[in-house]
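*Asks:* Pasting work-v5.pdb below, which is PDB, C-alpha atoms.
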```
MODEL        1
ATOM      1  CA  MET U   1       5.649   7.464   7.207
ATOM      2  CA  ALA U   2       3.142   5.022   8.499
ATOM      3  CA  ASP U   3       2.745   4.161  12.163
ATOM      4  CA  LYS U   4       0.906   0.935  11.709
ATOM      5  CA  GLU U   5       1.527  -2.755  12.101
ATOM      6  CA  THR U   6       0.357  -5.010   9.341
ATOM      7  CA  LYS U   7       0.300  -8.709   8.841
ATOM      8  CA  SER U   8       0.174 -10.916   5.779
ATOM      9  CA  ASN U   9      -2.964 -10.353   3.791
ATOM     10  CA  GLU U  10      -4.719 -12.467   1.223
ATOM     11  CA  VAL U  11      -5.830 -10.942  -2.030
ATOM     12  CA  VAL U  12      -9.562 -11.328  -2.509
ATOM     13  CA  ASN U  13     -10.593 -11.988  -6.098
ATOM     14  CA  ASP U  14     -13.571  -9.658  -6.476
ATOM     15  CA  GLU U  15     -14.030  -6.785  -8.930
ATOM     16  CA  ALA U  16     -11.744  -4.703  -6.730
ATOM     17  CA  ASP U  17      -9.360  -6.169  -4.210
ATOM     18  CA  TYR U  18      -9.582  -5.002  -0.604
ATOM     19  CA  ILE U  19      -7.517  -5.584   2.500
ATOM     20  CA  THR U  20      -7.978  -4.515   6.095
ATOM     21  CA  LEU U  21      -5.158  -2.645   7.812
ATOM     22  CA  GLU U  22      -4.875  -2.831  11.575
ATOM     23  CA  PHE U  23      -3.139   0.137  13.175
ATOM     24  CA  ASP U  24      -1.089  -0.057  16.377
ATOM     25  CA  ASP U  25      -4.007   1.419  18.352
ATOM     26  CA  GLY U  26      -6.319  -1.399  17.200
ATOM     27  CA  VAL U  27      -8.243   0.707  14.654
ATOM     28  CA  GLU U  28      -9.007  -1.193  11.451
ATOM     29  CA  VAL U  29      -9.337   0.467   8.053
ATOM     30  CA  GLU U  30     -10.665  -1.233   4.928
ATOM     31  CA  CYS U  31      -8.543  -0.307   1.893
ATOM     32  CA  GLU U  32      -8.906  -0.842  -1.830
ATOM     33  CA  ILE U  33      -5.733  -2.003  -3.532
ATOM     34  CA  MET U  34      -5.003   0.671  -6.118
ATOM     35  CA  GLY U  35      -2.009  -1.148  -7.542
ATOM     36  CA  VAL U  36       1.522  -2.434  -7.172
ATOM     37  CA  PHE U  37       4.422  -0.637  -8.818
ATOM     38  CA  ASP U  38       8.178  -1.098  -9.125
ATOM     39  CA  PHE U  39      10.626   1.648  -8.190
ATOM     40  CA  GLU U  40      14.402   1.298  -7.979
ATOM     41  CA  GLY U  41      14.154  -2.493  -8.020
ATOM     42  CA  LYS U  42      11.624  -2.783  -5.192
ATOM     43  CA  ASP U  43       7.874  -3.338  -5.256
ATOM     44  CA  TYR U  44       5.474  -0.936  -3.571
ATOM     45  CA  ILE U  45       1.706  -0.971  -3.139
ATOM     46  CA  ALA U  46      -0.780   1.908  -3.101
ATOM     47  CA  LEU U  47      -3.912   1.555  -0.973
ATOM     48  CA  ILE U  48      -6.990   3.779  -0.875
ATOM     49  CA  PRO U  49      -8.683   3.799   2.546
ATOM     50  CA  ASP U  50     -12.467   3.480   2.554
ATOM     51  CA  ASP U  51     -12.916   6.532   4.805
ATOM     52  CA  ASP U  52     -14.066   9.233   2.364
ATOM     53  CA  SER U  53     -10.649  10.935   2.510
ATOM     54  CA  ASP U  54      -8.288  11.640  -0.373
ATOM     55  CA  ASP U  55      -5.494   9.724   1.369
ATOM     56  CA  VAL U  56      -3.391   7.066  -0.302
ATOM     57  CA  TYR U  57      -1.277   4.706   1.807
ATOM     58  CA  ILE U  58       1.980   3.493   0.281
ATOM     59  CA  TYR U  59       3.936   0.522   1.601
ATOM     60  CA  GLY U  60       6.651  -1.784   0.481
ATOM     61  CA  TYR U  61       5.186  -4.939  -1.060
ATOM     62  CA  LYS U  62       6.564  -8.458  -0.649
ATOM     63  CA  GLU U  63       4.968 -11.621  -2.016
ATOM     64  CA  VAL U  64       5.116 -14.478   0.484
ATOM     65  CA  GLY U  65       3.107 -17.170  -1.293
ATOM     66  CA  ASP U  66       0.306 -17.837  -3.736
ATOM     67  CA  ASP U  67      -2.095 -14.886  -3.479
ATOM     68  CA  GLU U  68      -0.439 -13.744  -0.220
ATOM     69  CA  PHE U  69       1.744 -10.738   0.466
ATOM     70  CA  GLU U  70       3.179  -8.618   3.246
ATOM     71  CA  LEU U  71       3.089  -4.877   3.596
ATOM     72  CA  VAL U  72       6.424  -3.425   4.636
ATOM     73  CA  ASP U  73       6.642  -0.043   6.365
ATOM     74  CA  ILE U  74       8.969   2.358   4.574
ATOM     75  CA  GLU U  75      11.179   3.431   7.473
ATOM     76  CA  ASP U  76      13.580   5.712   5.597
ATOM     77  CA  ASP U  77      12.187   9.238   5.082
ATOM     78  CA  GLU U  78      14.190   9.837   1.889
ATOM     79  CA  GLU U  79      13.091   6.512   0.386
ATOM     80  CA  PHE U  80       9.469   7.307   1.278
ATOM     81  CA  LYS U  81       9.749  10.747  -0.343
ATOM     82  CA  ARG U  82      11.188   9.259  -3.574
ATOM     83  CA  VAL U  83       8.514   6.544  -3.679
ATOM     84  CA  VAL U  84       5.718   9.101  -3.241
ATOM     85  CA  GLU U  85       7.213  11.238  -6.026
ATOM     86  CA  GLU U  86       7.304   8.176  -8.310
ATOM     87  CA  PHE U  87       3.711   7.324  -7.393
ATOM     88  CA  ASP U  88       2.663  10.903  -8.215
ATOM     89  CA  LYS U  89       4.383  10.627 -11.627
ATOM     90  CA  ILE U  90       2.648   7.330 -12.382
ATOM     91  CA  THR U  91      -0.795   8.634 -11.436
ATOM     92  CA  ALA U  92      -0.246  11.867 -13.392
ATOM     93  CA  GLU U  93       0.598   9.855 -16.513
ATOM     94  CA  GLU U  94      -2.604   7.816 -16.156
ATOM     95  CA  ALA U  95      -4.820  10.876 -15.756
TER      96      ALA U  95
ENDMDL
END
```
Please lay out the structure from this file as structure tokens.

*Replies:*
Amino acid sequence: MADKETKSNEVVNDEADYITLEFDDGVEVECEIMGVFDFEGKDYIALIPDDDSDDVYIYGYKEVGDDEFELVDIEDDEEFKRVVEEFDKITAEEA
């Protein structure tokens, strides 16, 4: 699970969309938005940090206005596990 606080973010309309995550310790990480996907009636978002790692961050996704959204921490370990498994299936199908 993620140990970060996030605020509403605006989607930037460039070739790829990026947002900046701010962690609880004040560290900021620029992330490319990989995509939004639906699982069990909820929306989730996958983010790729621009830190040369193979990490992918997954959060709940909630639209709050035109071109604005919130990232929602997935607090439940079982929900997080199921969402990651679904994400892995989706990315395997696209490969």

*Asks:* I'd like to know which of U:Arg82, U:Asp51, U:Ala16, U:Lys42 is closest to Val29 of chain U, using all atoms listed in the file.

*Replies:*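 Closest residue, counting all atoms listed in the file: U:Asp51.
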
*Asks:* Please compute the atom CA of Val27 of chain U-atom CA of Ala46 of chain U distance, one decimal, in Å.

*Replies:* 19.3 Å

*Asks:* Taking all listed atoms of segment 68-83 of chain U, build the axis-aligned box, pad each of the six sides by 3 Å, then write its centre and edge lengths in Å to one decimal as AutoDock Vina command-line options.

*Replies:*
```
--center_x 6.9 --center_y -1.5 --center_z 1.9 --size_x 20.6 --size_y 30.5 --size_z 17.2
```

*Asks:* Find the spatial neighbours of Ile90 of chain U, counting only C-alpha atoms, within a cut-off of 12 Å - ignore same-chain residues fewer than 3 positions away - and output them as a list of chain:residue names.

*Replies:* U:Met34, U:Gly35, U:Val36, U:Phe37, U:Asp38, U:Phe39, U:Ala46, U:Val83, U:Val84, U:Glu85, U:Glu86, U:Phe87, U:Glu93, U:Glu94, U:Ala95

*Asks:* What lies within 8 Å of Lys62 of chain U using only C-alpha atoms, ignoring chain neighbours under 4 positions off, as a PyMOL selection string?

*Replies:* chain U and resi 43+69-72

*Asks:* Here is a test: counting all atoms listed in the file, which residue of U:Glu78, U:Asp67, U:Lys89, U:Gly60 is nearest to Gly41 of chain U?

*Replies:*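 Of U:Glu78, U:Asp67, U:Lys89, U:Gly60, the one nearest Gly41 of chain U, counting all atoms listed in the file, is U:Gly60.
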
*Asks:* I'd like the interatomic distance between atom CA of Val64 of chain U and atom CA of Thr91 of chain U, to a tenth of an Å.

*Replies:* 26.7 Å

*Asks:* Can you give me, as a list in words, the residues this file yields under the PyMOL selection byres ((chain U and resi 74) around 8)?

*Replies:*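 Taken over the shown coordinates, the PyMOL selection byres ((chain U and resi 74) around 8) returns Met1, Ala2, Tyr59, Gly60, Val72, Asp73, Glu75, Asp76, Asp77, Glu79 and Phe80 of chain U.
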
*Asks:* Identify, on the basis of only C-alpha atoms, every residue whose closest approach to Leu47 of chain U does not exceed 7 Å; exclude the query and any residue fewer than 4 positions from it along the same chain; express the result as a ChimeraX atom specification.

*Replies:* /U:31-34,56-58
